[in-house]
Structure formats: structure tokens, C-alpha cells
>>> print(open('query-v8.cif').read())   # mmCIF, C-alpha atoms and all ligand atoms
data_query
#
loop_
_atom_site.label_atom_id
_atom_site.label_comp_id
_atom_site.auth_asym_id
_atom_site.auth_seq_id
_atom_site.Cartn_x
_atom_site.Cartn_y
_atom_site.Cartn_z
CA MET A 169 -44.59 -30.20 -4.78
CA THR A 170 -46.08 -26.69 -4.83
CA LEU A 171 -44.01 -23.55 -5.51
CA GLU A 172 -44.02 -22.84 -1.78
CA ASP A 173 -42.79 -26.37 -1.00
CA VAL A 174 -39.91 -26.03 -3.47
CA ARG A 175 -38.94 -22.65 -2.01
CA ILE A 176 -38.83 -24.18 1.48
CA GLU A 177 -36.44 -26.80 0.09
CA ILE A 178 -34.30 -24.08 -1.56
CA ASP A 179 -34.12 -22.21 1.76
CA ARG A 180 -32.96 -25.39 3.48
CA VAL A 181 -30.23 -25.97 0.84
CA ASP A 182 -29.11 -22.32 1.13
CA GLN A 183 -28.76 -22.67 4.90
CA ASP A 184 -26.60 -25.75 4.36
CA LEU A 185 -24.56 -23.92 1.70
CA LEU A 186 -24.00 -20.95 4.00
CA ARG A 187 -22.86 -23.21 6.82
CA LEU A 188 -20.50 -25.06 4.47
CA LEU A 189 -19.14 -21.82 2.99
CA ASN A 190 -18.31 -20.57 6.47
CA GLU A 191 -16.73 -23.91 7.31
CA ARG A 192 -14.60 -23.49 4.17
CA ALA A 193 -13.75 -19.91 5.21
CA ASP A 194 -12.48 -21.17 8.59
CA LEU A 195 -10.20 -23.65 6.81
CA VAL A 196 -8.97 -20.95 4.40
CA HIS A 197 -8.21 -18.71 7.37
CA HIS A 198 -6.13 -21.54 8.82
CA VAL A 199 -4.27 -21.91 5.47
CA GLY A 200 -3.54 -18.18 5.63
CA GLU A 201 -2.00 -18.53 9.10
CA ILE A 202 0.23 -21.40 7.94
CA LYS A 203 1.30 -19.50 4.81
CA ARG A 204 2.16 -16.40 6.80
CA LYS A 205 4.20 -18.44 9.30
CA GLU A 206 6.09 -20.20 6.51
CA GLY A 207 6.54 -17.07 4.38
CA LEU A 208 4.53 -18.53 1.46
CA GLU A 209 2.57 -16.60 -1.16
CA ILE A 210 -1.15 -16.27 -0.43
CA TYR A 211 -2.26 -16.56 -4.06
CA ALA A 212 -1.73 -20.07 -5.44
CA PRO A 213 -3.02 -20.12 -9.07
CA ASP A 214 -1.89 -23.68 -9.62
CA ARG A 215 -3.85 -24.95 -6.60
CA GLU A 216 -6.89 -22.99 -7.80
CA GLU A 217 -6.72 -24.51 -11.27
CA ARG A 218 -6.31 -28.07 -9.93
CA LEU A 219 -9.21 -27.54 -7.54
CA LEU A 220 -11.46 -26.27 -10.36
CA LYS A 221 -10.52 -29.11 -12.70
CA LYS A 222 -11.24 -31.67 -9.98
CA LEU A 223 -14.67 -30.15 -9.25
CA ILE A 224 -15.57 -29.95 -12.96
CA GLU A 225 -14.58 -33.61 -13.39
CA LEU A 226 -16.58 -34.63 -10.31
CA ASN A 227 -19.58 -32.71 -11.61
CA LYS A 228 -19.35 -34.59 -14.93
CA GLN A 229 -19.15 -37.96 -13.19
CA ASN A 230 -22.14 -37.10 -11.00
CA LYS A 231 -24.01 -35.76 -14.04
CA GLY A 232 -24.55 -32.44 -12.22
CA ARG A 233 -26.91 -29.99 -13.89
CA LEU A 234 -24.50 -27.03 -13.64
CA PRO A 235 -22.32 -26.38 -16.74
CA GLU A 236 -18.53 -25.92 -16.40
CA LYS A 237 -18.86 -22.17 -17.03
CA SER A 238 -21.14 -21.77 -14.01
CA ILE A 239 -18.95 -23.88 -11.74
CA ARG A 240 -15.95 -21.74 -12.69
CA ALA A 241 -17.89 -18.50 -12.10
CA ILE A 242 -19.25 -19.63 -8.71
CA TYR A 243 -15.88 -20.89 -7.51
CA ARG A 244 -14.11 -17.78 -8.83
CA GLU A 245 -16.11 -15.81 -6.29
CA ILE A 246 -15.75 -18.37 -3.48
CA ILE A 247 -11.97 -18.30 -3.97
CA SER A 248 -12.01 -14.50 -4.27
CA ALA A 249 -13.67 -14.33 -0.85
CA ALA A 250 -10.99 -16.73 0.42
CA LEU A 251 -8.17 -14.54 -0.93
CA ALA A 252 -9.71 -11.48 0.70
CA LEU A 253 -9.97 -13.41 3.99
CA GLU A 254 -6.40 -14.69 3.93
CA GLN A 255 -5.08 -11.22 3.25
CA ASP A 256 -6.50 -7.79 2.49
CA MET A 257 -5.56 -8.42 -1.15
CA ARG A 258 -4.90 -5.50 -3.50
CA ILE A 259 -4.53 -5.94 -7.27
CA SER A 260 -3.01 -3.18 -9.32
CA TYR A 261 -3.92 -3.19 -13.03
CA MET A 262 -3.46 -1.20 -16.19
CA GLY A 263 -6.48 1.12 -16.04
CA PRO A 264 -8.67 2.95 -16.36
CA ALA A 265 -11.57 1.24 -14.57
CA GLY A 266 -13.56 -0.79 -17.10
CA SER A 267 -10.53 -1.55 -19.30
CA TRP A 268 -9.97 -5.01 -20.74
CA THR A 269 -7.20 -5.52 -18.22
CA HIS A 270 -9.63 -4.64 -15.39
CA GLN A 271 -12.12 -7.16 -16.71
CA ALA A 272 -9.37 -9.77 -17.13
CA ALA A 273 -8.13 -9.13 -13.57
CA ILE A 274 -11.64 -9.69 -12.17
CA SER A 275 -11.86 -12.95 -14.15
CA ARG A 276 -8.79 -14.11 -12.22
CA PHE A 277 -9.26 -12.63 -8.75
CA GLY A 278 -13.06 -12.19 -8.48
CA ASN A 279 -14.99 -9.37 -6.86
CA SER A 280 -13.95 -9.64 -3.20
CA VAL A 281 -10.42 -8.24 -3.57
CA LEU A 282 -9.49 -4.57 -3.96
CA TYR A 283 -8.54 -3.22 -7.42
CA LEU A 284 -6.22 -0.29 -7.99
CA PRO A 285 -6.38 1.24 -11.51
CA GLU A 286 -3.08 2.68 -12.77
CA ALA A 287 -2.40 5.12 -15.59
CA SER A 288 0.66 3.31 -16.95
CA THR A 289 2.59 0.05 -17.00
CA GLU A 290 5.29 1.80 -14.98
CA ASP A 291 2.78 2.62 -12.23
CA VAL A 292 1.66 -1.04 -12.00
CA PHE A 293 5.30 -2.08 -11.53
CA GLU A 294 5.81 0.68 -8.98
CA ARG A 295 2.74 -0.31 -6.94
CA VAL A 296 3.86 -3.95 -6.72
CA THR A 297 7.48 -3.00 -5.99
CA THR A 298 6.50 -0.72 -3.11
CA GLN A 299 4.09 -3.41 -1.82
CA GLU A 300 1.11 -1.05 -2.08
CA ALA A 301 -0.34 -3.85 -4.22
CA ASP A 302 0.14 -7.59 -3.77
CA TYR A 303 0.03 -8.34 -7.48
CA GLY A 304 -0.24 -6.46 -10.77
CA VAL A 305 -2.14 -7.44 -13.92
CA LEU A 306 -0.78 -6.42 -17.33
CA PRO A 307 -1.30 -7.55 -20.93
CA ILE A 308 1.74 -9.27 -22.46
CA GLU A 309 0.38 -10.47 -25.81
CA HIS A 310 -2.58 -9.80 -28.11
CA SER A 311 -3.73 -12.47 -30.54
CA THR A 312 -4.02 -9.84 -33.29
CA GLU A 313 -1.09 -7.49 -32.57
CA GLY A 314 1.48 -9.80 -30.96
CA ALA A 315 3.70 -9.03 -27.97
CA VAL A 316 3.08 -6.03 -25.72
CA HIS A 317 6.63 -4.68 -25.76
CA HIS A 318 5.97 -2.18 -23.02
CA THR A 319 5.35 -4.96 -20.51
CA LEU A 320 8.39 -6.99 -21.64
CA ASP A 321 10.69 -3.95 -21.49
CA HIS A 322 9.58 -3.06 -17.96
CA LEU A 323 10.23 -6.63 -16.82
CA VAL A 324 13.86 -6.20 -17.93
CA ASP A 325 14.39 -3.13 -15.74
CA SER A 326 12.48 -4.33 -12.69
CA PRO A 327 13.16 -6.91 -9.97
CA MET A 328 9.46 -7.88 -10.19
CA GLN A 329 8.65 -11.18 -11.91
CA ILE A 330 5.87 -12.92 -13.78
CA TYR A 331 4.05 -14.94 -11.12
CA SER A 332 1.22 -16.30 -13.24
CA GLN A 333 -0.37 -15.93 -16.68
CA PHE A 334 -3.77 -16.41 -18.23
CA LEU A 335 -5.71 -15.90 -21.43
CA TRP A 336 -8.77 -13.70 -21.67
CA ARG A 337 -11.12 -13.20 -24.62
CA THR A 338 -11.41 -9.51 -25.39
CA GLU A 339 -15.04 -9.23 -26.49
CA THR A 340 -16.28 -5.82 -27.55
CA VAL A 341 -19.77 -4.59 -26.77
CA LEU A 342 -21.77 -1.64 -28.10
CA MET A 343 -23.29 0.44 -25.29
CA SER A 344 -25.69 3.33 -25.25
CA ASN A 345 -28.16 5.37 -23.23
CA GLY A 346 -30.89 4.92 -25.79
CA PRO A 347 -32.28 2.27 -28.14
CA LYS A 348 -30.32 0.91 -31.11
CA ASP A 349 -32.31 2.73 -33.82
CA THR A 350 -31.61 6.20 -32.36
CA VAL A 351 -27.80 5.92 -32.62
CA ASP A 352 -26.22 8.51 -34.97
CA TYR A 353 -22.61 8.44 -33.67
CA ILE A 354 -20.43 5.64 -32.34
CA TYR A 355 -17.37 6.49 -30.27
CA GLY A 356 -14.46 4.10 -29.98
CA HIS A 357 -10.72 3.80 -29.64
CA PRO A 358 -9.34 3.61 -33.25
CA GLN A 359 -7.98 0.11 -32.65
CA VAL A 360 -11.34 -1.11 -31.36
CA ILE A 361 -13.16 0.50 -34.29
CA ALA A 362 -10.76 -1.37 -36.62
CA GLN A 363 -11.49 -4.63 -34.79
CA CYS A 364 -15.26 -4.25 -35.33
CA ARG A 365 -15.22 -2.49 -38.73
CA LYS A 366 -17.09 -5.17 -40.72
CA TRP A 367 -19.77 -5.59 -38.07
CA LEU A 368 -20.24 -1.82 -37.82
CA THR A 369 -20.47 -1.38 -41.61
CA HIS A 370 -23.01 -4.17 -41.81
CA ASN A 371 -25.15 -3.20 -38.81
CA PHE A 372 -24.75 0.59 -38.69
CA PRO A 373 -23.96 1.61 -42.31
CA ASP A 374 -25.15 5.22 -41.85
CA VAL A 375 -23.66 5.95 -38.47
CA GLU A 376 -20.68 8.30 -38.03
CA LEU A 377 -17.68 6.66 -36.33
CA ARG A 378 -15.85 9.02 -33.97
CA GLU A 379 -12.43 8.26 -32.54
CA ALA A 380 -11.90 8.52 -28.78
CA PRO A 381 -8.52 8.50 -27.00
CA SER A 382 -9.47 5.47 -24.90
CA THR A 383 -12.25 2.95 -24.46
CA SER A 384 -13.38 4.51 -21.18
CA GLN A 385 -13.38 7.98 -22.74
CA ALA A 386 -15.59 6.58 -25.53
CA ALA A 387 -18.06 5.36 -22.91
CA ALA A 388 -17.96 8.76 -21.17
CA PHE A 389 -18.75 10.50 -24.51
CA ALA A 390 -21.68 8.13 -25.05
CA CYS A 391 -23.01 9.17 -21.64
CA GLU A 392 -22.77 12.87 -22.42
CA HIS A 393 -24.00 12.95 -26.01
CA PRO A 394 -27.55 12.00 -26.97
CA ASN A 395 -28.05 9.64 -29.93
CA SER A 396 -24.61 8.15 -29.47
CA ALA A 397 -23.11 4.81 -28.52
CA ALA A 398 -19.63 3.56 -27.59
CA LEU A 399 -17.48 0.52 -28.21
CA GLY A 400 -15.92 -1.02 -25.13
CA THR A 401 -16.13 -3.67 -22.44
CA ALA A 402 -19.20 -5.05 -20.69
CA LEU A 403 -17.67 -3.87 -17.41
CA GLY A 404 -17.21 -0.36 -18.86
CA ALA A 405 -20.93 -0.29 -19.73
CA GLU A 406 -21.84 -1.36 -16.21
CA LEU A 407 -19.56 1.25 -14.61
CA GLN A 408 -20.95 4.05 -16.79
CA GLY A 409 -24.56 2.91 -16.33
CA LEU A 410 -24.98 2.34 -20.10
CA LYS A 411 -27.07 -0.43 -21.66
CA ILE A 412 -25.36 -3.08 -23.80
CA ILE A 413 -27.16 -2.93 -27.15
CA ALA A 414 -24.97 -5.55 -28.90
CA ALA A 415 -22.35 -7.98 -27.57
CA SER A 416 -19.43 -9.93 -29.09
CA ILE A 417 -19.25 -7.67 -32.14
CA ASP A 418 -15.57 -8.24 -33.01
CA ASP A 419 -14.97 -9.23 -36.65
CA SER A 420 -12.82 -12.12 -35.50
CA ALA A 421 -12.38 -13.61 -32.04
CA SER A 422 -9.42 -12.03 -30.30
CA GLN A 423 -7.83 -12.77 -26.99
CA ALA A 424 -5.01 -11.39 -24.91
CA ARG A 425 -2.51 -13.04 -22.64
CA PHE A 426 -2.12 -11.33 -19.29
CA ILE A 427 0.54 -11.69 -16.63
CA VAL A 428 0.15 -11.50 -12.89
CA LEU A 429 3.15 -9.54 -11.72
CA GLY A 430 4.58 -10.58 -8.38
CA ARG A 431 7.71 -10.20 -6.30
CA ARG A 432 9.09 -13.71 -6.89
CA PRO A 433 8.66 -16.72 -9.18
CA ALA A 434 5.70 -19.02 -8.50
CA PRO A 435 6.60 -22.34 -6.80
CA ALA A 436 7.48 -25.14 -9.25
CA THR A 437 4.52 -27.34 -10.18
CA GLY A 438 6.22 -29.77 -12.60
CA ASN A 439 4.46 -28.11 -15.53
CA ASP A 440 5.83 -24.60 -15.75
CA HIS A 441 7.09 -22.03 -18.21
CA THR A 442 9.87 -19.51 -17.75
CA MET A 443 10.26 -16.14 -19.48
CA LEU A 444 13.85 -15.12 -20.17
CA MET A 445 15.65 -12.15 -21.63
CA VAL A 446 18.91 -12.95 -23.40
CA THR A 447 21.30 -10.22 -24.52
CA ALA A 448 23.71 -11.83 -27.01
CA ARG A 449 26.79 -10.61 -28.82
CA ASP A 450 25.74 -9.81 -32.40
CA ARG A 451 27.40 -12.69 -34.26
CA VAL A 452 26.69 -15.33 -36.89
CA GLY A 453 24.69 -18.15 -35.30
CA ALA A 454 24.02 -16.38 -31.97
CA LEU A 455 20.37 -17.45 -31.85
CA LEU A 456 21.26 -20.92 -33.15
CA GLU A 457 23.69 -21.41 -30.25
CA ILE A 458 21.15 -20.25 -27.70
CA LEU A 459 18.44 -22.53 -29.10
CA LYS A 460 20.89 -25.45 -29.18
CA ALA A 461 21.71 -24.96 -25.47
CA PHE A 462 18.00 -25.43 -24.69
CA ALA A 463 17.44 -28.26 -27.19
CA ASP A 464 20.43 -30.19 -25.79
CA HIS A 465 18.71 -30.20 -22.39
CA GLY A 466 15.28 -31.19 -23.71
CA ILE A 467 13.84 -27.72 -23.25
CA ASN A 468 11.24 -26.45 -25.69
CA VAL A 469 11.52 -22.80 -26.71
CA ARG A 470 7.85 -21.89 -27.14
CA GLN A 471 8.18 -18.29 -28.20
CA ILE A 472 10.86 -15.88 -29.39
CA GLU A 473 10.57 -12.11 -29.51
CA ASN A 474 13.37 -9.96 -30.90
CA ARG A 475 13.85 -6.49 -29.34
CA PRO A 476 16.50 -3.81 -29.84
CA VAL A 477 18.87 -3.13 -26.95
CA PRO A 478 18.01 0.38 -25.64
CA VAL A 479 20.43 3.03 -26.98
CA GLU A 480 21.37 4.14 -23.44
CA GLU A 481 22.96 0.74 -22.84
CA SER A 482 26.62 0.46 -23.89
CA ALA A 483 25.82 -2.94 -25.45
CA SER A 484 23.29 -1.40 -27.86
CA GLN A 485 25.66 -1.33 -30.88
CA THR A 486 27.17 -4.76 -30.49
CA HIS A 487 24.41 -6.84 -28.97
CA VAL A 488 20.96 -8.18 -29.81
CA ARG A 489 18.16 -8.97 -27.38
CA PHE A 490 15.70 -11.84 -27.38
CA PHE A 491 12.78 -12.67 -25.14
CA LEU A 492 12.28 -16.41 -24.91
CA GLU A 493 9.51 -18.35 -23.28
CA VAL A 494 10.77 -21.84 -22.48
CA THR A 495 9.31 -24.92 -20.82
CA GLY A 496 10.41 -25.67 -17.25
CA HIS A 497 10.93 -23.77 -14.01
CA CYS A 498 13.99 -21.65 -13.19
CA HIS A 499 14.76 -24.03 -10.29
CA ASP A 500 14.81 -27.11 -12.62
CA GLU A 501 18.27 -28.63 -13.11
CA ALA A 502 17.87 -28.97 -16.90
CA LEU A 503 16.97 -25.30 -17.27
CA LYS A 504 19.79 -24.20 -14.96
CA LYS A 505 22.30 -26.25 -17.02
CA SER A 506 21.14 -24.79 -20.33
CA LEU A 507 21.33 -21.26 -18.88
CA ASP A 508 24.92 -21.99 -17.78
CA VAL A 509 25.80 -22.93 -21.37
CA VAL A 510 24.33 -19.66 -22.68
CA ILE A 511 26.19 -17.64 -20.03
CA ASN A 512 29.46 -19.48 -20.82
CA ASP A 513 29.03 -18.39 -24.44
CA GLY A 514 29.28 -14.82 -23.11
CA ASP A 515 25.58 -13.97 -23.35
CA ALA A 516 23.67 -12.28 -20.52
CA ILE A 517 20.43 -13.72 -19.16
CA LYS A 518 17.70 -12.36 -16.96
CA ILE A 519 14.93 -14.58 -15.64
CA LEU A 520 11.65 -12.66 -15.90
CA GLY A 521 9.55 -15.25 -14.08
CA SER A 522 8.55 -18.88 -13.79
CA TYR A 523 4.87 -19.70 -13.61
CA PRO A 524 2.41 -22.59 -14.09
CA SER A 525 1.84 -23.30 -17.78
CA SER A 526 -1.77 -24.39 -17.44
CA PRO A 527 -4.09 -21.52 -16.49
CA TRP A 528 -5.35 -20.68 -19.98
CA GLY A 529 -8.39 -18.62 -19.09
CA GLU A 530 -11.98 -19.65 -18.57
C1 LIG B 601 -6.67 -21.57 0.53
C2 LIG B 601 -5.61 -21.37 -0.24
O1 LIG B 601 -5.24 -20.09 -0.72
C3 LIG B 601 -5.85 -19.46 -1.86
C4 LIG B 601 -7.28 -19.78 -1.89
C5 LIG B 601 -7.71 -20.94 -2.47
C6 LIG B 601 -9.09 -21.48 -2.20
O2 LIG B 601 -9.96 -20.74 -1.76
O3 LIG B 601 -9.31 -22.69 -2.44
C7 LIG B 601 -6.85 -21.65 -3.33
C8 LIG B 601 -5.59 -21.20 -3.60
C9 LIG B 601 -5.08 -19.92 -3.07
O4 LIG B 601 -5.07 -18.96 -4.10
C10 LIG B 601 -4.69 -22.48 -0.61
O5 LIG B 601 -3.59 -22.21 -1.11
O6 LIG B 601 -5.08 -23.65 -0.42
#
>>> encode(input="query-v8.cif", output="C-alpha cells", more="lines below")
Ligand SMILES: C=C(O[C@@H]1C=C(C(=O)O)C=C[C@H]1O)C(=O)O
Amino acid sequence: MTLEDVRIEIDRVDQDLLRLLNERADLVHHVGEIKRKEGLEIYAPDREERLLKKLIELNKQNKGRLPEKSIRAIYREIISAALALEQDMRISYMGPAGSWTHQAAISRFGNSVLYLPEASTEDVFERVTTQEADYGVLPIEHSTEGAVHHTLDHLVDSPMQIYSQFLWRTETVLMSNGPKDTVDYIYGHPQVIAQCRKWLTHNFPDVELREAPSTSQAAAFACEHPNSAALGTALGAELQGLKIIAASIDDSASQARFIVLGRRPAPATGNDHTMLMVTARDRVGALLEILKAFADHGINVRQIENRPVPVEESASQTHVRFFLEVTGHCHDEALKKSLDVVINDGDAIKILGSYPSSPWGE
């Protein structure tokens, strides 16, 4: 076949694809109508993950040429278009534009939905509470620094809940207006500089490192100042019109866990996790008793985070607070029974969300 012949074939396949994509869009629209009638959530992360896994498996069986990464990326955008069709979907995230959370949010919801950058965690909660946004995206844990207490503390005070969670690799890039060998200064948030210190010392031993208040500010400085570069996200580089001169420059791989904040728990899937806050009387064996209540009902406590009770609360002197991530859904009988035991011991519990355990990033 000549080049022209192959292109004619590609055009034919594209026409078929377009027809099929629109056929899919009609079906998605129908799903949206049913969901609205039945008062169901539009975004169904569990369904998305199952659909992707099935397609990746099918592709393997059929020995398809496309790698898993590409199938995920293509379907991320097909599903994003579906979400935008079902509902004019708005996602609030911890900004500014180009932040890691922004990039993580796009990895989950694709490019067809609307993103609202917020200046603080509080603002993300506010936007979801007032229904100006359908969901919010916030970091809850960093692989290097541990829990993001700000997010956990806001969950305690808010009726909003964790609806979904996912992991995202936070890969730093070096961006600049000019070529690599003209860089005299590198701007970066101090934490990001620390994360890339070895790489920077090895690759740019004579360059001056300058601290910036945020990653997006670093990128803005790199735009304004000649012979400079900035550390940040690939999305930040794109938004500022800077060239990526080196990628994946972190000294060790780091990732963050993000939550999708919603107004209610996700439907049970049979493989869920639940985040809880327990405020317990400060006593010998308090944590032991709580853990035993879960163990007796076959529930695995996957993570424990200890936090002080805020001083404004009358319980602050006499109580201790734990955040627990446990297996199971808040509607499961076993979990309900173990929570009853904890409450009967005089400890207070707040359910911060139940969500599918599986979506662990791309
Ligand atoms: C169409 C649906 O709604 C959304 C869109 C999906 C899709 O495009 O396949 C999958 C899950 C939902 O987030 C659905 O729930 O089936």
C-alpha cells in the first residue's frame, strides 16, 4: 500500500470511530437521564476503573498494539467527555492553576470538565458545600511527608465526605524560556528544591537556587527573568508557555494520595475503605480497645493518624483523636457493629467517607 492508500484507510477508521464515539455519547446521555431520575451520583469511579481494567485485559487477549498507558489516556478523555455530557461538571481543586493537585485532578477527570482553582483547602470545601462545584480534589497524604493534616482537619468540621481516592506521582520538571546552558538561577518552592537537591547539585552545580513562595510563582519568575529556570509541574510549564528542559528530576520517586470530596459516601462496591475520626477518652488502652472492636469484626485498620483535639473543644484536655482508615463500607453490617462497640465504650466517631479501595492512579 502507498502512503496515500494507508491514509485513506485511516480516514475510514476515523469515520467509524467518530460514529461509534457519538453512539457511546448517546448511551451516556441516557445513563445521565436515569441517574438524574433516580437521584444517583453522575461520577462513578468504580465503574470507570472496572471498565478500564476490562478493556486493558481485552486488549492483552487480542494482542492489541496499544500499551495500557495509552488505553488509559484515551479512555480518560472519552470518559471526561461523557461526564461533561451527563452534567456540566465542575471540579474545585487546591490551586493555583498548574499545581500538582490540578494535574492530579486532570488525571482523574480529563480535559472536558471545568476546573475551579481555589486558594485554600477551606475554599475547596466551601465550593463543594455550596454546590458551586460537583466535587473537590485535595491531597491527603504525601509519600515523603505523610498525612496532610489540613485536609483531615477540615473533614472533621464539614458535612462533606471523601467520595473517592487515587494516587498520583508528583514528578518535578525544570522549565525555562531559554536553553539549558544559559541558566544562571533556578526558582523553586523550598520543599521542591529539597526534593531535587541531589539532581540539581549534580546537573547544575554552579547555578544559584532561589526560593519562591509557590511552584506557580517560581514559574512566573522564570518567565520574567532572563537566564533563569523554575522547578514545577509539566502542566505549569504548559500554562506559562515555558519549555521543559528536564523531566522527572526528583531524587526519589514520590507520590501523593488525593481525595475526591463529595457530598455523600460513594455506593458500596464490595471492596471499599472508610475513613473515620475517633475522639476517645484519654485512658490506658484506649487505642487497644478501638483496634480490638475492629479486629473482632474482621476489619483491617490500614492506617492510623494521631491528632490533637483542637483547644477550642471542651474535650481537648481529656480526649485524644485518631484518624483511622479501615476496610469496608460504612453501610456494611460488620463495620456498623464495630462502630457500635466503640461508641458504647464512650468514644465519639465521625465517618469521613467510604470509597472504592481500588483506584490507585494510572
Ligand atoms: C456513563 C456513566 O457515567 C460516568 C461515565 C462513564 C463512562 O463514560 O463510561 C463511567 C462512569 C461514570 O463516571 C456510568 O455510570 O455508566
>>> residues_near_ligand(input="query-v8.cif", ligand="ligand LIG 601 (chain B)", cutoff="6 Å", atoms="only C-alpha atoms and all ligand atoms", output="list in words")
Val196, Val199, Ile210, Tyr211, Ala212, Pro213, Arg215, Glu216, Ile247, Ala250 and Leu251 of chain A
>>> residues_around(input="query-v8.cif", residues="Glu201 of chain A", least_positions_apart="6", cutoff="10 Å", atoms="all atoms listed in the file", output="PDB file with C-alpha atoms, in the coordinates of the input")
ATOM      1  CA  LEU A 195     -10.200 -23.650   6.810  1.00  0.00           C
ATOM      2  CA  GLY A 207       6.540 -17.070   4.380  1.00  0.00           C
ATOM      3  CA  ILE A 210      -1.150 -16.270  -0.430  1.00  0.00           C
ATOM      4  CA  GLU A 254      -6.400 -14.690   3.930  1.00  0.00           C
ATOM      5  CA  GLN A 255      -5.080 -11.220   3.250  1.00  0.00           C
TER       6      GLN A 255
END
>>> closest_atom_pairs(input="query-v8.cif", of="segment 305-394 of chain A", to="segment 465-478 of chain A", cutoff="9 Å", atoms="all atoms listed in the file", output="Markdown table")
| residue | atom | partner | partner_atom | distance |
| --- | --- | --- | --- | --- |
| A:Ala315 | CA | A:Glu473 | CA | 7.7 |
| A:His317 | CA | A:Arg475 | CA | 8.3 |
| A:Asp321 | CA | A:Arg475 | CA | 8.8 |
>>> write_last_selection(input="query-v8.cif", atoms="C-alpha atoms", output="PDB file, in the coordinates of the input")
ATOM      1  CA  ALA A 315       3.700  -9.030 -27.970  1.00  0.00           C
ATOM      2  CA  HIS A 317       6.630  -4.680 -25.760  1.00  0.00           C
ATOM      3  CA  ASP A 321      10.690  -3.950 -21.490  1.00  0.00           C
TER       4      ASP A 321
END
>>> atom_distance(input="query-v8.cif", atom1="atom CA of Tyr303 of chain A", atom2="atom CA of Glu480 of chain A")
29.4 Å
>>> atom_distance(input="query-v8.cif", atom1="atom CA of Asn371 of chain A", atom2="atom CA of His270 of chain A")
28.1 Å
>>> residues_around(input="query-v8.cif", residues="Asp374 of chain A", least_positions_apart="3", cutoff="12 Å", atoms="all atoms listed in the file", output="list in words")
Asp349, Thr350, Val351, Asp352, Tyr353, Ile354, Leu368, Thr369, His370, Asn371 and Leu377 of chain A
